[in-house]
Amino acid sequence: MIGSGAKLFMNMARAMTEAPFAGTIGDWLCDNASRFPDKVALQFEDGRSWTYPALDGWADQIVGILRNQHHVEHGDRVAYLGFNHPAMVALLFACARIGAILVPLNWRLTPAELTFIALDCGPRVLFADATFEEIARSVAQAAGGLEIEPLGALEEMRSSEKLVSAGGSMPDPVLVIYTSGTTGRPKGVVLTQRALLTNAHCSIDLHRLSPDDRVLVVLPLFHVGGLNISLTPAVHAGATIELHSRFDPQQTLQAIERFRPQILVLVPATMMALMKLPGWPDADTSSLRMLTTGSMVVPVELISAFEDKGISVVQVYGSTETCPIAAYTQPGEGQTNPHTTGKSGSCSQMRIVDAAGRAIEGSGVDGEIEIRGDHVMQCYWNNPGETAEAFNGAWYRTGDIGHIDAEGNLYFRERAKHTIVSGG
């Protein structure tokens, strides 16, 4: 049952989607600093924590670092290579305030792939944590002398003075996330601040997110799953987040019992790793209101294993190009209808088209899944050809095959060209 406070917050979130939002996503921190002056916004696995005012101030300080030391201006790219870290979170909101674009790099890629991305997007500066500094230096050299900064540079507070940081706005790109799908070179998916706002409202609706919630984030932030299904919506909602540098099943299980989160996002592989732990059967997971998953078809047996432990499993359908939330199931459907990937999100539209790109009338007929909404990517970075191919008018062509039943439920059948990325 949803409490009255959560219902009020959901209604407020829906109302916000119907009206323009002034400012930037960086203003989420400022707004929450006023609303929750003593509340912890973000805590890290090492025990450090930041209140909303502290995180807001940190983002503002990073604005000064980016502008004064690296001459980052509106439209410039800022790259990050490293495991999940609170500094990367503050960096995202700082970029939003300037109107700059964060490019979170996948640390699993080869140096050659990372060099291609650096040459493609041309970042002004690359921040790297200690684990990846050597790789960052080799990428910088191959990319023609890209400026490298250690991650620690973002943790040095330069001034206690409030900085003037206006410059970004909702239509501005704020993220470029590279995805290769199943074929070809990596493509930079350009997501605007409006897309992140719209996606956050979908997540708030999906998770019944309220300021009272605690959200555990363990998936990589270089993917939209870890970043945009849980973390950025949780910030927008004014929730408390615990961030882990990377997924470790034992640490995740311990955090569930210690941190007592209501929301956790995992992909099937990480769900399986959690289930295989000796302590899983007796672990206290009662705080979890739901576990969100996706990334292709989720095995029914895996859903049932979590549902049998009293954890409601919901599925998300989407891709990097849709920020990613395009469709999702409701709590309880993991038991009653585990084969669907849900209905269109609260801020999204979905349809099925035939081989000629015409909408299929009626239900139950397989075709290509197309998505429309403010959460859909603006374009592929520096790639007008691929961008044109990815759209059918205003509709994003997923390349995935499926059908919608009479109740509006989506049933995914097969992937034609793009990888579904929902959670990592």
# chains A, B, ... in the order shown; residues from 1 in each chain; ligands from 1
$ residues_around --residues "Val103 in chain A" --least-positions-apart "3" --cutoff "10 Å" --atoms "only C-alpha atoms" --output "number ranges by chain"
A: 77-81, 92, 100, 106, 117-118, 121, 123, 126, 174-178, 188-190, 222
$ select_by_dssp --residues "range 100-263 of chain A" --states "alpha helix (DSSP H)" --output "ChimeraX atom specification"
/A:111-121,133-142,193-207,224,232-237,249-259
$ select_by_dssp --residues "range 42-123 of chain A" --states "strand (DSSP E or B)" --output "VMD selection string"
chain A and resid 42 to 44 49 to 51 77 to 81 101 to 105
$ residues_around --residues "Lys309 in chain A" --least-positions-apart "4" --cutoff "9 Å" --atoms "only C-alpha atoms" --output "PyMOL selection string"
chain A and resi 281+285-286+304-305
$ closest_residue --among "A:Asp172, A:Glu155, A:Asp284, A:Glu147" --to "Met88 in chain A" --atoms "only C-alpha atoms"
A:Glu155
$ residues_around --residues "range 395-409 of chain A" --least-positions-apart "6" --cutoff "6 Å" --atoms "only C-alpha atoms" --output "PyMOL selection string"
chain A and resi 342-343+363-372+415-417
$ write_last_selection --atoms "all heavy atoms" --output "CSV table (one decimal), in the first residue's frame"
chain,number,residue,atom,x,y,z
A,342,GLY,N,5.9,-4.8,-19.6
A,342,GLY,CA,5.1,-3.7,-19.0
A,342,GLY,C,4.5,-2.8,-20.1
A,342,GLY,O,4.5,-3.0,-21.3
A,343,LYS,N,3.8,-1.8,-19.5
A,343,LYS,CA,3.1,-0.8,-20.4
A,343,LYS,C,4.0,0.4,-20.5
A,343,LYS,O,5.0,0.6,-19.8
A,343,LYS,CB,1.8,-0.4,-19.7
A,343,LYS,CG,0.8,-1.5,-19.6
A,343,LYS,CD,-0.5,-0.9,-18.9
A,343,LYS,CE,-1.6,-2.0,-18.9
A,343,LYS,NZ,-1.3,-3.1,-18.0
A,363,SER,N,-4.0,-5.5,-31.8
A,363,SER,CA,-3.1,-6.0,-30.8
A,363,SER,C,-2.6,-7.4,-31.2
A,363,SER,O,-3.2,-8.0,-32.0
A,363,SER,CB,-3.7,-6.0,-29.4
A,363,SER,OG,-4.9,-6.8,-29.4
A,364,GLY,N,-1.5,-7.8,-30.6
A,364,GLY,CA,-1.0,-9.1,-30.7
A,364,GLY,C,-0.2,-9.4,-31.9
A,364,GLY,O,0.2,-10.6,-32.2
A,365,VAL,N,0.1,-8.4,-32.8
A,365,VAL,CA,0.8,-8.6,-34.0
A,365,VAL,C,2.3,-8.1,-33.8
A,365,VAL,O,2.5,-7.0,-33.4
A,365,VAL,CB,0.2,-7.9,-35.2
A,365,VAL,CG1,1.0,-8.1,-36.5
A,365,VAL,CG2,-1.3,-8.3,-35.3
A,366,ASP,N,3.2,-9.0,-34.1
A,366,ASP,CA,4.6,-8.7,-34.0
A,366,ASP,C,5.0,-7.6,-35.0
A,366,ASP,O,4.6,-7.6,-36.1
A,366,ASP,CB,5.5,-9.9,-34.1
A,366,ASP,CG,5.6,-10.7,-32.8
A,366,ASP,OD1,5.1,-10.2,-31.8
A,366,ASP,OD2,6.1,-11.8,-32.9
A,367,GLY,N,5.9,-6.8,-34.6
A,367,GLY,CA,6.5,-5.8,-35.5
A,367,GLY,C,7.6,-5.1,-34.7
A,367,GLY,O,8.0,-5.5,-33.6
A,368,GLU,N,8.2,-4.0,-35.3
A,368,GLU,CA,9.3,-3.3,-34.6
A,368,GLU,C,8.7,-2.3,-33.6
A,368,GLU,O,7.7,-1.7,-33.8
A,368,GLU,CB,10.1,-2.5,-35.6
A,368,GLU,CG,11.3,-1.7,-35.0
A,368,GLU,CD,12.1,-1.0,-36.0
A,368,GLU,OE1,11.8,-1.0,-37.2
A,368,GLU,OE2,13.1,-0.4,-35.6
A,369,ILE,N,9.3,-2.3,-32.4
A,369,ILE,CA,8.9,-1.4,-31.3
A,369,ILE,C,9.5,0.0,-31.6
A,369,ILE,O,10.7,0.1,-31.8
A,369,ILE,CB,9.4,-2.0,-30.0
A,369,ILE,CG1,8.9,-3.4,-29.8
A,369,ILE,CG2,9.0,-1.1,-28.8
A,369,ILE,CD1,9.6,-4.2,-28.7
A,370,GLU,N,8.6,1.0,-31.5
A,370,GLU,CA,9.1,2.4,-31.6
A,370,GLU,C,8.6,3.1,-30.4
A,370,GLU,O,7.6,2.9,-29.8
A,370,GLU,CB,8.5,3.0,-32.9
A,370,GLU,CG,9.1,2.5,-34.2
A,370,GLU,CD,8.7,3.3,-35.4
A,370,GLU,OE1,7.7,4.0,-35.3
A,370,GLU,OE2,9.4,3.1,-36.4
A,371,ILE,N,9.5,4.1,-30.0
A,371,ILE,CA,9.3,4.9,-28.7
A,371,ILE,C,9.3,6.4,-29.0
A,371,ILE,O,10.1,6.8,-29.8
A,371,ILE,CB,10.4,4.5,-27.7
A,371,ILE,CG1,10.5,3.0,-27.4
A,371,ILE,CG2,10.1,5.3,-26.4
A,371,ILE,CD1,9.2,2.4,-26.8
A,372,ARG,N,8.4,7.1,-28.4
A,372,ARG,CA,8.4,8.6,-28.5
A,372,ARG,C,8.2,9.2,-27.2
A,372,ARG,O,7.5,8.7,-26.3
A,372,ARG,CB,7.3,9.0,-29.4
A,372,ARG,CG,7.2,10.5,-29.7
A,372,ARG,CD,6.2,10.9,-30.8
A,372,ARG,NE,4.9,10.6,-30.4
A,372,ARG,CZ,3.8,10.9,-31.2
A,372,ARG,NH1,4.0,11.3,-32.4
A,372,ARG,NH2,2.6,10.6,-30.8
A,415,ARG,N,15.8,-9.2,-30.5
A,415,ARG,CA,16.5,-8.0,-30.8
A,415,ARG,C,17.0,-8.1,-32.2
A,415,ARG,O,17.6,-9.0,-32.7
A,415,ARG,CB,17.7,-8.0,-29.9
A,415,ARG,CG,18.6,-6.7,-30.0
A,415,ARG,CD,19.8,-6.7,-29.1
A,415,ARG,NE,20.7,-7.8,-29.4
A,415,ARG,CZ,21.2,-8.5,-28.5
A,415,ARG,NH1,21.0,-8.4,-27.3
A,415,ARG,NH2,22.1,-9.5,-28.9
A,416,ALA,N,16.7,-7.0,-33.0
A,416,ALA,CA,17.1,-6.9,-34.4
A,416,ALA,C,18.4,-6.2,-34.5
A,416,ALA,O,19.3,-6.6,-35.3
A,416,ALA,CB,16.0,-6.2,-35.2
A,417,LYS,N,18.7,-5.1,-33.7
A,417,LYS,CA,19.9,-4.4,-33.9
A,417,LYS,C,20.5,-3.8,-32.6
A,417,LYS,O,21.7,-3.7,-32.5
A,417,LYS,CB,19.7,-3.3,-35.0
A,417,LYS,CG,18.7,-2.2,-34.6
A,417,LYS,CD,18.6,-1.1,-35.7
A,417,LYS,CE,17.6,0.0,-35.3
A,417,LYS,NZ,17.5,1.0,-36.3
$ residues_around --residues "Ser34 in chain A" --least-positions-apart "6" --cutoff "12 Å" --atoms "only C-alpha atoms" --output "number ranges by chain"
A: 27-28, 51-54, 56, 238
$ residues_around --residues "range 229-233 of chain A" --least-positions-apart "5" --cutoff "7 Å" --atoms "only C-alpha atoms" --output "MDAnalysis selection string"
chainID A and resid 200 203:204 217 224 265
$ residues_around --residues "Ile325 in chain A" --least-positions-apart "3" --cutoff "10 Å" --atoms "only C-alpha atoms" --output "list in words"
Thr198, Asn199, Ala200, His201, Cys202, Ser203, Leu206, Val224, Gly225, Asn228, Ile229, Val316, Tyr317, Gly318, Ser319, Thr320, Glu321, Thr322, Tyr328, Ser344, Gly345, Ser346, Cys347, Ser348, His375, Val376, Val421 and Ser422 of chain A
$ write_last_selection --atoms "C-alpha atoms" --output "PDB file, in the first residue's frame"
ATOM      1  CA  THR A 198      11.401  13.239 -18.024  1.00  0.00           C
ATOM      2  CA  ASN A 199      13.088   9.922 -17.269  1.00  0.00           C
ATOM      3  CA  ALA A 200      13.270  10.840 -13.574  1.00  0.00           C
ATOM      4  CA  HIS A 201       9.508  11.379 -13.524  1.00  0.00           C
ATOM      5  CA  CYS A 202       9.012   7.937 -15.080  1.00  0.00           C
ATOM      6  CA  SER A 203      11.220   6.399 -12.392  1.00  0.00           C
ATOM      7  CA  LEU A 206       7.591   3.350 -11.343  1.00  0.00           C
ATOM      8  CA  VAL A 224      21.954   4.589 -18.055  1.00  0.00           C
ATOM      9  CA  GLY A 225      20.696   1.755 -15.862  1.00  0.00           C
ATOM     10  CA  ASN A 228      19.151   7.053 -14.683  1.00  0.00           C
ATOM     11  CA  ILE A 229      16.906   4.296 -13.355  1.00  0.00           C
ATOM     12  CA  VAL A 316      12.028  -2.102 -17.266  1.00  0.00           C
ATOM     13  CA  TYR A 317      12.208  -2.024 -21.058  1.00  0.00           C
ATOM     14  CA  GLY A 318      14.357   0.559 -22.779  1.00  0.00           C
ATOM     15  CA  SER A 319      17.782   1.396 -24.154  1.00  0.00           C
ATOM     16  CA  THR A 320      20.519   3.947 -23.802  1.00  0.00           C
ATOM     17  CA  GLU A 321      18.709   5.940 -26.489  1.00  0.00           C
ATOM     18  CA  THR A 322      15.578   6.165 -24.316  1.00  0.00           C
ATOM     19  CA  TYR A 328       7.756  -1.055 -17.111  1.00  0.00           C
ATOM     20  CA  SER A 344       4.405   2.532 -21.663  1.00  0.00           C
ATOM     21  CA  GLY A 345       6.022   4.695 -19.023  1.00  0.00           C
ATOM     22  CA  SER A 346       4.104   7.633 -17.581  1.00  0.00           C
ATOM     23  CA  CYS A 347       6.113  10.016 -19.804  1.00  0.00           C
ATOM     24  CA  SER A 348       6.481   7.774 -22.842  1.00  0.00           C
ATOM     25  CA  HIS A 375      13.237  11.120 -22.698  1.00  0.00           C
ATOM     26  CA  VAL A 376      14.415   9.915 -26.137  1.00  0.00           C
ATOM     27  CA  VAL A 421      20.256  -1.628 -21.608  1.00  0.00           C
ATOM     28  CA  SER A 422      18.231  -1.390 -18.426  1.00  0.00           C
TER      29      SER A 422
END
$ closest_residue --among "A:Gly226, A:Pro338, A:Gly279, A:Gly332" --to "Val298 in chain A" --atoms "only C-alpha atoms"
A:Pro338
$ closest_atom_pairs --of "range 112-228 of chain A" --to "range 239-247 of chain A" --cutoff "10 Å" --atoms "only C-alpha atoms" --output "Markdown table"
| residue | atom | partner | partner_atom | distance |
| --- | --- | --- | --- | --- |
| A:Leu209 | CA | A:Ala239 | CA | 7.7 |
| A:Ser210 | CA | A:Ala239 | CA | 6.5 |
| A:Pro211 | CA | A:Ala239 | CA | 4.4 |
| A:Asp212 | CA | A:Ala239 | CA | 6.0 |
| A:Asp213 | CA | A:Ala239 | CA | 5.2 |
| A:Arg214 | CA | A:Thr240 | CA | 4.8 |
| A:Val215 | CA | A:Ile241 | CA | 4.8 |
| A:Leu216 | CA | A:Glu242 | CA | 5.0 |
| A:Val217 | CA | A:Leu243 | CA | 5.0 |
| A:Val218 | CA | A:Phe247 | CA | 5.0 |
| A:Leu219 | CA | A:Phe247 | CA | 5.9 |
| A:Pro220 | CA | A:Arg246 | CA | 6.4 |
| A:Leu221 | CA | A:Arg246 | CA | 9.2 |
$ closest_residue --among "A:Ala283, A:Leu146, A:Ile263, A:Val235" --to "Ala41 in chain A" --atoms "only C-alpha atoms"
A:Val235
$ atom_distance --atom1 "CA of Asn337 in chain A" --atom2 "CA of Gly294 in chain A"
14.8 Å
